[in-house]
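Raw run.csv, CSV, C-alpha atoms:
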chain,number,residue,atom,x,y,z
A,6,MET,CA,-12.4,-23.1,4.3
A,7,PRO,CA,-10.0,-22.6,7.3
A,8,PRO,CA,-11.2,-21.1,10.5
A,9,PRO,CA,-10.9,-17.2,10.8
A,10,ASN,CA,-7.8,-17.3,13.0
A,11,SER,CA,-6.1,-20.0,11.0
A,12,THR,CA,-2.8,-19.3,9.2
A,13,GLU,CA,-3.7,-21.7,6.4
A,14,LYS,CA,-4.2,-20.3,3.0
A,15,ARG,CA,-2.7,-16.9,3.8
A,16,LEU,CA,-1.0,-15.4,0.8
A,17,PRO,CA,0.9,-12.2,0.1
A,18,ILE,CA,-1.1,-9.3,-1.3
A,19,GLN,CA,-0.4,-7.6,-4.5
A,20,THR,CA,-3.0,-5.6,-6.3
A,21,ILE,CA,-3.9,-1.9,-6.6
A,22,ALA,CA,-1.5,-0.4,-4.1
A,23,LEU,CA,-3.8,1.7,-1.9
A,24,THR,CA,-6.2,-1.2,-1.8
A,25,ALA,CA,-3.5,-3.7,-0.9
A,26,LEU,CA,-2.2,-1.6,2.0
A,27,THR,CA,-5.6,-0.8,3.5
A,28,TYR,CA,-6.6,-4.5,3.0
A,29,CYS,CA,-3.8,-5.4,5.4
A,30,VAL,CA,-5.6,-3.4,8.1
A,31,TYR,CA,-9.2,-4.5,7.4
A,32,ALA,CA,-8.8,-8.0,6.1
A,33,LYS,CA,-10.5,-10.9,7.9
A,34,ARG,CA,-7.3,-12.9,7.5
A,35,THR,CA,-4.0,-11.0,7.7
A,36,PRO,CA,-1.8,-11.5,4.6
A,37,ILE,CA,1.8,-12.8,5.1
A,38,ALA,CA,3.3,-9.9,3.1
A,39,CYS,CA,2.3,-6.9,1.0
A,40,VAL,CA,4.0,-6.0,-2.3
A,41,VAL,CA,2.9,-2.7,-3.9
A,42,ASN,CA,3.9,-0.5,-6.9
A,43,CYS,CA,3.6,3.3,-6.8
A,44,PRO,CA,1.1,3.4,-4.0
A,45,VAL,CA,-1.2,6.2,-2.9
A,46,CYS,CA,-0.4,6.4,0.8
A,47,ASP,CA,-1.9,9.6,1.9
A,48,SER,CA,-5.5,9.9,0.9
A,49,VAL,CA,-6.0,13.2,2.7
A,50,TYR,CA,-3.2,14.7,0.6
A,51,ARG,CA,-4.4,12.8,-2.5
A,52,TYR,CA,-7.7,14.6,-2.3
A,53,THR,CA,-5.8,17.9,-3.1
A,54,GLU,CA,-3.2,16.4,-5.5
A,55,ARG,CA,-5.1,16.7,-8.7
A,56,ASP,CA,-8.2,18.6,-9.8
A,57,ASP,CA,-9.9,15.5,-11.0
A,58,LEU,CA,-9.7,13.6,-7.7
A,59,PRO,CA,-11.9,15.5,-5.1
A,60,ARG,CA,-15.2,14.7,-6.9
A,61,THR,CA,-14.3,11.0,-7.4
A,62,MET,CA,-13.1,10.6,-3.8
A,63,TYR,CA,-16.1,12.5,-2.3
A,64,SER,CA,-18.5,10.3,-4.3
A,65,ALA,CA,-16.7,7.2,-3.1
A,66,LEU,CA,-16.8,8.3,0.6
A,67,CYS,CA,-19.8,10.5,0.9
A,68,ASN,CA,-22.0,7.9,2.7
A,69,GLU,CA,-19.3,7.1,5.3
A,70,GLN,CA,-20.0,8.0,9.0
A,71,GLY,CA,-18.3,11.2,10.2
A,72,SER,CA,-16.4,13.9,8.3
A,73,LEU,CA,-14.9,13.5,4.9
A,74,GLU,CA,-11.5,13.9,6.5
A,75,SER,CA,-12.1,11.0,8.8
A,76,ALA,CA,-13.3,8.9,5.9
A,77,LEU,CA,-10.2,9.8,3.9
A,78,LYS,CA,-8.0,8.9,6.9
A,79,SER,CA,-9.8,5.5,7.2
A,80,ILE,CA,-8.4,4.5,3.7
A,81,SER,CA,-5.1,6.3,4.1
A,82,PRO,CA,-2.1,4.1,4.8
A,83,VAL,CA,-0.1,6.9,6.4
A,84,HIS,CA,-2.9,7.4,8.8
A,85,LEU,CA,-3.3,3.7,9.5
A,86,VAL,CA,0.4,2.9,10.4
A,87,ASP,CA,-0.5,2.2,14.0
A,88,LYS,CA,-3.0,-0.5,12.8
A,89,MET,CA,-0.8,-2.1,10.2
A,90,PRO,CA,-0.1,-5.7,11.0
A,91,LYS,CA,3.5,-6.8,11.6
A,92,ILE,CA,4.1,-8.5,8.2
A,93,GLU,CA,6.7,-7.8,5.4
A,94,TYR,CA,6.0,-4.8,3.3
A,95,HIS,CA,7.8,-4.2,-0.1
A,96,ILE,CA,7.1,-0.8,-1.6
A,97,PHE,CA,8.2,0.1,-5.2
A,98,HIS,CA,8.0,3.6,-6.5
A,99,CYS,CA,9.1,5.1,-9.8
A,100,LEU,CA,10.8,8.4,-9.1
A,101,ASN,CA,9.4,10.1,-12.3
A,102,ASP,CA,5.9,9.3,-11.2
A,103,ASN,CA,3.7,12.2,-12.2
A,104,ALA,CA,0.5,10.6,-11.1
A,105,VAL,CA,1.5,9.7,-7.4
A,106,ASN,CA,4.3,11.9,-6.0
A,107,PRO,CA,6.7,9.5,-4.2
A,108,SER,CA,7.9,12.2,-1.8
A,109,LYS,CA,4.3,12.8,-0.6
A,110,HIS,CA,3.2,9.2,-0.5
A,111,SER,CA,5.5,6.2,-0.4
A,112,ALA,CA,8.5,8.0,1.2
A,113,VAL,CA,6.3,9.3,4.0
A,114,PHE,CA,4.7,6.0,4.5
A,115,VAL,CA,7.9,4.0,4.5
A,116,THR,CA,9.5,6.4,7.1
A,117,LYS,CA,6.5,6.1,9.4
A,118,MET,CA,6.4,2.3,9.1
A,119,GLN,CA,10.1,2.0,9.8
A,120,ASN,CA,9.8,4.3,12.8
A,121,LYS,CA,7.1,2.0,14.2
A,122,GLY,CA,9.4,-1.1,13.7
A,123,HIS,CA,7.8,-2.6,10.6
A,124,ALA,CA,9.8,-4.7,8.2
A,125,VAL,CA,9.7,-2.5,5.0
A,126,THR,CA,11.8,-2.5,1.9
A,127,TYR,CA,11.7,0.5,-0.3
A,128,ASP,CA,12.8,0.1,-3.9
A,129,THR,CA,12.9,3.3,-5.9
A,130,ILE,CA,13.3,3.2,-9.7
A,131,GLU,CA,15.0,6.0,-11.5
A,132,GLY,CA,13.9,7.4,-14.8
A,133,ARG,CA,10.4,5.7,-14.9
A,134,GLY,CA,6.9,6.9,-14.6
A,135,HIS,CA,3.8,5.7,-12.7
A,136,CYS,CA,3.9,1.9,-12.2
A,137,ASP,CA,6.5,1.4,-15.0
A,138,ILE,CA,9.0,-0.4,-12.8
A,139,GLY,CA,10.8,-2.2,-15.7
A,140,TYR,CA,12.0,-5.8,-15.9
A,141,PRO,CA,14.7,-5.9,-13.2
A,142,ALA,CA,12.3,-4.5,-10.6
A,143,LYS,CA,9.5,-6.8,-11.9
A,144,LYS,CA,11.8,-9.7,-11.2
A,145,LEU,CA,12.5,-8.4,-7.7
A,146,TYR,CA,8.7,-7.8,-7.2
A,147,ALA,CA,8.0,-11.4,-8.1
A,148,LYS,CA,10.8,-12.6,-5.9
A,149,TYR,CA,9.4,-10.9,-2.9
A,150,ILE,CA,6.1,-12.6,-3.5
A,151,VAL,CA,7.6,-16.1,-4.0
A,152,GLU,CA,9.9,-15.8,-1.0
A,153,ALA,CA,7.0,-14.7,1.2
A,154,ILE,CA,5.1,-17.9,0.2
A,155,GLU,CA,8.1,-20.2,0.5
A,156,ASN,CA,9.2,-18.8,3.9
A,157,HIS,CA,5.7,-18.9,5.4
A,158,LYS,CA,5.2,-21.7,7.9
Structure translated into structure tokens:
Amino acid sequence: MPPPNSTEKRLPIQTIALTALTYCVYAKRTPIACVVNCPVCDSVYRYTERDDLPRTMYSALCNEQGSLESALKSISPVHLVDKMPKIEYHIFHCLNDNAVNPSKHSAVFVTKMQNKGHAVTYDTIEGRGHCDIGYPAKKLYAKYIVEAIENHK
């Protein structure tokens, strides 16, 4: 296993979007890139977005120190922008997403990240719902991952 500060074995992250983005902040080893699809980016807003979410989110965070709002902010990419590492971020979001509103999540996050000088691409997909990016975008998604690995030194 490489030492904690080693750049060996660093890989791009792609998984559940909220998890991938927050992992970039809290990981022992910083990934070289982050590629996400239809991410929840504002956990504070998310708490109010659907009736089924407050109970689940409260249950997940009720044992955290401090207020519920501070716990929500601690897992909220829009509230973690100042802590985000300077790596490549590739955000995909389907514009007909009824589960995670792009204008309240990814669009806000991308703007904040760009305003802080982060390298962010934002690929929006017309006519598709939550996480249904389609084949052309899937190819681009995979390309971002492969390029991050190939360009990493």
Item to complete: Counting all atoms listed in the file, figure out which residue out of A:Val125, A:Cys46, A:Cys29, A:Ile130 gets nearest to A:Phe97.
Response: A:Ile130
Worksheet item: At what distance in Å, to one decimal, does atom CA of A:Ala124 lie from atom CA of A:Glu93?
Response: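 Atom-to-atom, atom CA of A:Glu93 and atom CA of A:Ala124 are spaced 5.2 Å apart.
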Can you pull out the residues contacting A:Ser79? Cut-off 9 Å, using only C-alpha atoms, and skip same-chain residues under 4 positions away; I want them as a PDB file with C-alpha atoms, keeping the file's coordinate frame.
ATOM      1  CA  THR A  27      -5.600  -0.800   3.500  1.00  0.00           C
ATOM      2  CA  SER A  48      -5.500   9.900   0.900  1.00  0.00           C
ATOM      3  CA  GLU A  74     -11.500  13.900   6.500  1.00  0.00           C
ATOM      4  CA  SER A  75     -12.100  11.000   8.800  1.00  0.00           C
ATOM      5  CA  HIS A  84      -2.900   7.400   8.800  1.00  0.00           C
ATOM      6  CA  LEU A  85      -3.300   3.700   9.500  1.00  0.00           C
TER       7      LEU A  85
END
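For the pair atom CA of A:Pro82 and atom CA of A:Thr126, the interatomic distance is 15.7 Å.
Within the 10 Å cut-off around A:Arg55, using all atoms listed in the file and omitting residues fewer than 5 positions from it on the same chain, the listed residues are Tyr50, Ala104 and Val105 of chain A.
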Worksheet item: Can you list, as a ChimeraX atom specification, every protein, DNA or RNA residue that comes within 12 Å of A:Tyr52 when you count all atoms listed in the file, leaving out same-chain residues fewer than 3 positions away?
Response: /A:45-49,55-66,73-74,76-78,80-81,105
Practice prompt. Work out how far atom CA of A:Ala112 is from atom CA of A:His157, in Å to one decimal.
Written response: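 So the answer is 27.4 Å.
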Response to the item:
Closest of A:Asp137, A:Pro90, A:Ala147, A:Ile96 to A:Arg34, counting only C-alpha atoms, is A:Pro90
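Counting only C-alpha atoms, the residue from A:Cys43, A:Cys67, A:Val83, A:Leu145 that sits nearest to A:Cys99 is A:Cys43.
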Worksheet item: Which one is closest to A:Met89: A:Asn156, A:Asn106, A:Asn42, A:Gln119? Count only C-alpha atoms.
Response: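 The shortest atom-to-atom distance to A:Met89 comes from A:Gln119.
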